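Student: One structure, pasted below without further comment.
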Number of protein chains: 2
Amino acid sequence: MEEVNKKILLVEDDPNFGTVLKDYLMMNDYDVVHAKNGMEGFEKFKKDDYDLCILDVMMPYKDGFTLAKEIREKNSDVPIVFLTAKAMKEDVLKGYKVGADDYLNKPFDSEVLLMKIKAIMQRKATETISDSKQFEFKIGRFDLNSKLRFLRFDGGEPIKLSPKENELLRLLALHENDLMPRELALTKIWRDDNYFTSRSMDVYIAKLRKYLKPDEKVEILNIHGEGFRLVIND
Amino acid sequence: MEEVNKKILLVEDDPNFGTVLKDYLMMNDYDVVHAKNGMEGFEKFKKDDYDLCILDVMMPYKDGFTLAKEIREKNSDVPIVFLTAKAMKEDVLKGYKVGADDYLNKPFDSEVLLMKIKAIMQRKATETISDSKQFEFKIGRFDLNSKLRFLRFDGGEPIKLSPKENELLRLLALHENDLMPRELALTKIWRDDNYFTSRSMDVYIAKLRKYLKPDEKVEILNIHGEGFRLVIND
DNA sequence: CATTTTTGTTAACATTAGGTTAAATGGTAA
DNA sequence: TTACCATTTAACCTAATGTTAACAAAAATG
């Protein structure tokens with residue numbers, strides 16, 4: 001069983017605590033990269049793919065929440081776990097809003113941490129198979145590169161897509177010819193499902209339709225009350 | 001805003017705490033079914049589909065863990081959140097082993113609970129996409145795709161169905177050649193059984209008959225006072 | 001067979017979702 | 001700071017959906 005270890009990005013400014021935690025995780029067969037502050041954390045994050053991020057909330061220069069937001073912008077899927085000394089209510093709320101997967105109060109039981117990590121990885125495992133590494137799509141006569149965020153028609157000059165345009169089109173492409181539920185896009189991209197985010201999404205659908213106009217075989221259909229459907233007619 | 005609320009099964013033996021929590025959740029647009037002990041909880045679970053289970057750990061007769069195990073046997077997907085008075089380490093570990101999605105210590109902040117619920121639901125929303133239910137039916141020379149809500153005759157241009165048309169035809173198809181009781185459609189689709197919903201349903205039956213006219217072998221028969229029957233003659 | 005109940009059908013009406021454009025907001029870099 | 005860009009919010013309009021009323025027809029009832 002040749003199995004690659006899961007990779008964890010640990011961002012923790014306390015050198016003692018950070019080192020202990022890192023060693024403990026490594027003893028349990030995780031590959032751990034330890035960054036000493038938010039800035040360094042983001043640099044390391046950009047350089048590699050991680051299966052999990054463990055972020056200290058209180059850090060100089062760049063706190064855990066800000067870092068989490070940046071990470072989410074680049075990759076909306078990585079599980080994120082926050083570490084806090086004191087579990088203040090506002091913190092917890094803020095964390096969940098940024099898309100936290102779990103919360104840990106320092107000092108915590110290391111065995112509990114391992115269980116949580118395991119549980120989170122399991123959760124993500126199922127999703128990851130389907131949509132993790134998919135960045136390039138052919139959409140009729142278009143090419144979408146959702147990593148570089150551009151859309152090219154007939155191999156011509158690429159149009160640059162904004163992050164939201166890109167994510168939305170990517171979700172549609174993942175569900176090509178099938179229903180892409182409204183709710184899915186709202187929770188995945190907007191992380192909230194209310195009247196305004198919903199209207200915002202409609203605005204983006206309009207933008208995408210405009211981009212896709214050159215190929216009249218490609219269209220985004222609405223399924224009233226359910227969501228949208230990217231169809232390629234042939 | 002015709003949106004179906006998420007359904008929560010709350011199993012909590014403390015009547016005061018349970019009632020307060022239930023009311024709070026209902027105020028926040030969740031449908032809550034409250035069971036007073038593990039046994040009752042499992043009965044209620046079997047009778048309906050839930051989007052989330054909130055289980056008290058300490059309960060007479062059947063504790064939360066045992067209940068969770070039973071629930072997992074029937075349905076491995078429902079998110080489960082445990083409530084504990086004291087967060088003993090063994091409990092937490094046991095919980096994660098049974099497949100807990102989260103943990104809450106009593107007393108907890110209600111706002112935090114809401115955020116956690118939201119986060120968990122969001123997580124599940126993505127996985128849920130792929131659950132391949134029964135969406136496609138052949139009805140004589142028609143194809144019904146009840147996910148995309150369309151009906152196609154002889155592989156031609158699909159007719160779009162409204163949600164109610166779609167649900168009704170789907171129910172009829174599920175009972176092909178058999179009685180589909182009025183009451184069933186009314187409770188399942190209209191969620192209410194009175195004079196007006198009943199008349200509304202008749203209106204929809206008329207619409208479906210019109211759609212199905214092209215295939216004269218397909219008809220919707222009425223069984224007076226009982227319901228309808230979708231028959232395919234051959 | 002007269003009467004009541006249930007069903008069939010059509011159309012008017014009300015409500016909600018979605019399409020589109022433009023202006024307001026907010027963040028970021030020059 | 002200004003200028004720019006992505007995104008949200010607002011506004012207005014159209015399409016889609018669902019409910020109700022009204023009346024006709026069919027089925028059950030005694």
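How things are named: the first chain in the structure tokens is A, the next is B, and so on; residues count from 1 in each chain; ligands count from 1 in the order shown.
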Please report as a ChimeraX atom specification which residues of chain C come no farther than 8 Å from chain B, using only C-alpha atoms (C1' of nucleotides).

Tutor: /C:6-9,16

Student: Please save C-alpha atoms (C1' of nucleotides) of the selected residues as a compact mmCIF listing (two decimals), in the first residue's frame.

Tutor:
# COMPACT_ATOMS: atom_id res chain seq x y z
C1' DT C 6 -66.72 14.75 -7.21
C1' DT C 7 -64.13 15.74 -11.21
C1' DG C 8 -62.89 18.35 -15.82
C1' DT C 9 -61.72 22.50 -17.82
C1' DT C 16 -42.64 34.94 -7.05

Student: Which residues of chain D are close to chain B, meaning at most 10 Å apart when you count only C-alpha atoms (C1' of nucleotides), and how do they look as a ChimeraX atom specification?

Tutor: /D:16-20,26-28

Student: With all C-alpha atoms paired in order, what RMSD does the least-squares fit of chain A onto chain B leave?

Tutor: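 Fitting chain A to chain B over paired C-alpha atoms yields 15.5 Å.
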
Student: Which neighbours of Leu55 (chain B) fall inside 12 Å, counting only C-alpha atoms (C1' of nucleotides), when residues of the same chain fewer than 2 positions from it are skipped, and could you give them as JSON, numbers by chain?

Tutor: {"B": [8, 9, 10, 11, 12, 13, 14, 18, 21, 33, 34, 35, 36, 37, 38, 39, 40, 41, 42, 45, 52, 53, 57, 58, 59, 62, 63, 64, 65, 66, 67, 68, 69, 71, 79, 80, 81, 82, 83, 84, 85, 95, 100, 101, 102, 103, 104, 105]}

Student: With distances taken over only C-alpha atoms, which of A:Val20, A:Asp29, A:Asp193, A:Pro158 is nearest to Lys118 (chain A)?

Tutor: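 Answer, going by the shortest atom-to-atom distance: A:Asp29.
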
Student: Identify which of the residues C:DT3, C:DT15, C:DT21, C:DT10 lies closest to DA11 (chain D), counting only C-alpha atoms (C1' of nucleotides) when measuring atom-to-atom distances.

Tutor: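 Going through C:DT3, C:DT15, C:DT21, C:DT10 one by one, the smallest distance to DA11 (chain D) is for C:DT21.
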
Student: List the neighbours of DA30 (chain C) out to 12 Å using only C-alpha atoms (C1' of nucleotides); skip same-chain residues closer than 5 positions along the sequence, and give me the result as a list in words.

Tutor: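 The filter keeps DT1, DT2, DA3 and DC4 of chain D.
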
Student: Ranking B:Met26, B:Leu148, B:Ile117, B:Met180 by minimum distance to chain A and counting only C-alpha atoms, which one comes first?

Tutor: B:Leu148

Student: Skip Gly156 (chain A) itself and residues of its chain fewer than 5 positions away, then list as a list of chain:residue names all residues within 10 Å of it, counting only C-alpha atoms (C1' of nucleotides).

Tutor: A:Phe142, A:Asp143, A:Leu151

Student: Could the residues in this selection be written to a file with all heavy atoms, as a PDB file, in the first residue's frame?

Tutor:
ATOM      1  N   PHE A 142     -15.475  27.081 -26.698  1.00  0.00           N
ATOM      2  CA  PHE A 142     -14.679  27.800 -25.703  1.00  0.00           C
ATOM      3  C   PHE A 142     -13.750  26.857 -24.944  1.00  0.00           C
ATOM      4  O   PHE A 142     -14.045  25.674 -24.794  1.00  0.00           O
ATOM      5  CB  PHE A 142     -15.585  28.472 -24.673  1.00  0.00           C
ATOM      6  CG  PHE A 142     -16.400  29.596 -25.217  1.00  0.00           C
ATOM      7  CD1 PHE A 142     -17.704  29.371 -25.624  1.00  0.00           C
ATOM      8  CD2 PHE A 142     -15.871  30.874 -25.316  1.00  0.00           C
ATOM      9  CE1 PHE A 142     -18.471  30.407 -26.133  1.00  0.00           C
ATOM     10  CE2 PHE A 142     -16.627  31.910 -25.814  1.00  0.00           C
ATOM     11  CZ  PHE A 142     -17.936  31.675 -26.227  1.00  0.00           C
ATOM     12  N   ASP A 143     -12.651  27.431 -24.464  1.00  0.00           N
ATOM     13  CA  ASP A 143     -11.819  26.763 -23.481  1.00  0.00           C
ATOM     14  C   ASP A 143     -11.859  27.591 -22.215  1.00  0.00           C
ATOM     15  O   ASP A 143     -11.633  28.796 -22.245  1.00  0.00           O
ATOM     16  CB  ASP A 143     -10.358  26.677 -23.951  1.00  0.00           C
ATOM     17  CG  ASP A 143     -10.211  25.665 -25.057  1.00  0.00           C
ATOM     18  OD1 ASP A 143     -10.699  24.542 -24.867  1.00  0.00           O
ATOM     19  OD2 ASP A 143      -9.624  26.013 -26.099  1.00  0.00           O
ATOM     20  N   LEU A 151     -11.093  32.599 -20.399  1.00  0.00           N
ATOM     21  CA  LEU A 151     -12.020  31.924 -21.285  1.00  0.00           C
ATOM     22  C   LEU A 151     -11.620  32.301 -22.708  1.00  0.00           C
ATOM     23  O   LEU A 151     -11.509  33.474 -23.045  1.00  0.00           O
ATOM     24  CB  LEU A 151     -13.436  32.425 -20.980  1.00  0.00           C
ATOM     25  CG  LEU A 151     -14.590  31.826 -21.789  1.00  0.00           C
ATOM     26  CD1 LEU A 151     -14.766  30.364 -21.442  1.00  0.00           C
ATOM     27  CD2 LEU A 151     -15.860  32.608 -21.507  1.00  0.00           C
TER      28      LEU A 151
END

Student: Would you mind telling me which residue in A:Leu179, A:Val4, A:Leu169, A:Met201 lies nearest to chain B when using only C-alpha atoms?

Tutor: A:Leu179

Student: Please measure the separation of CA of Asn145 (chain B) and CA of Glu226 (chain A), giving the value in Å to one decimal.

Tutor: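 Value for the CA of Asn145 (chain B)-CA of Glu226 (chain A) distance: 14.0 Å.
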
Student: Mind giving me the straight-line distance from CA of Leu168 (chain B) to CA of Ile189 (chain B) in Å, one decimal?

Tutor: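 According to the coordinates, CA of Leu168 (chain B) and CA of Ile189 (chain B) are separated by 7.4 Å.
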
Student: Looking at A:Phe228, A:Glu165, A:Ile120, A:Pro15, which one is nearest to DT7 (chain D), with distances taken over only C-alpha atoms (C1' of nucleotides)?

Tutor: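 Closest to DT7 (chain D), using only C-alpha atoms (C1' of nucleotides): A:Glu165.
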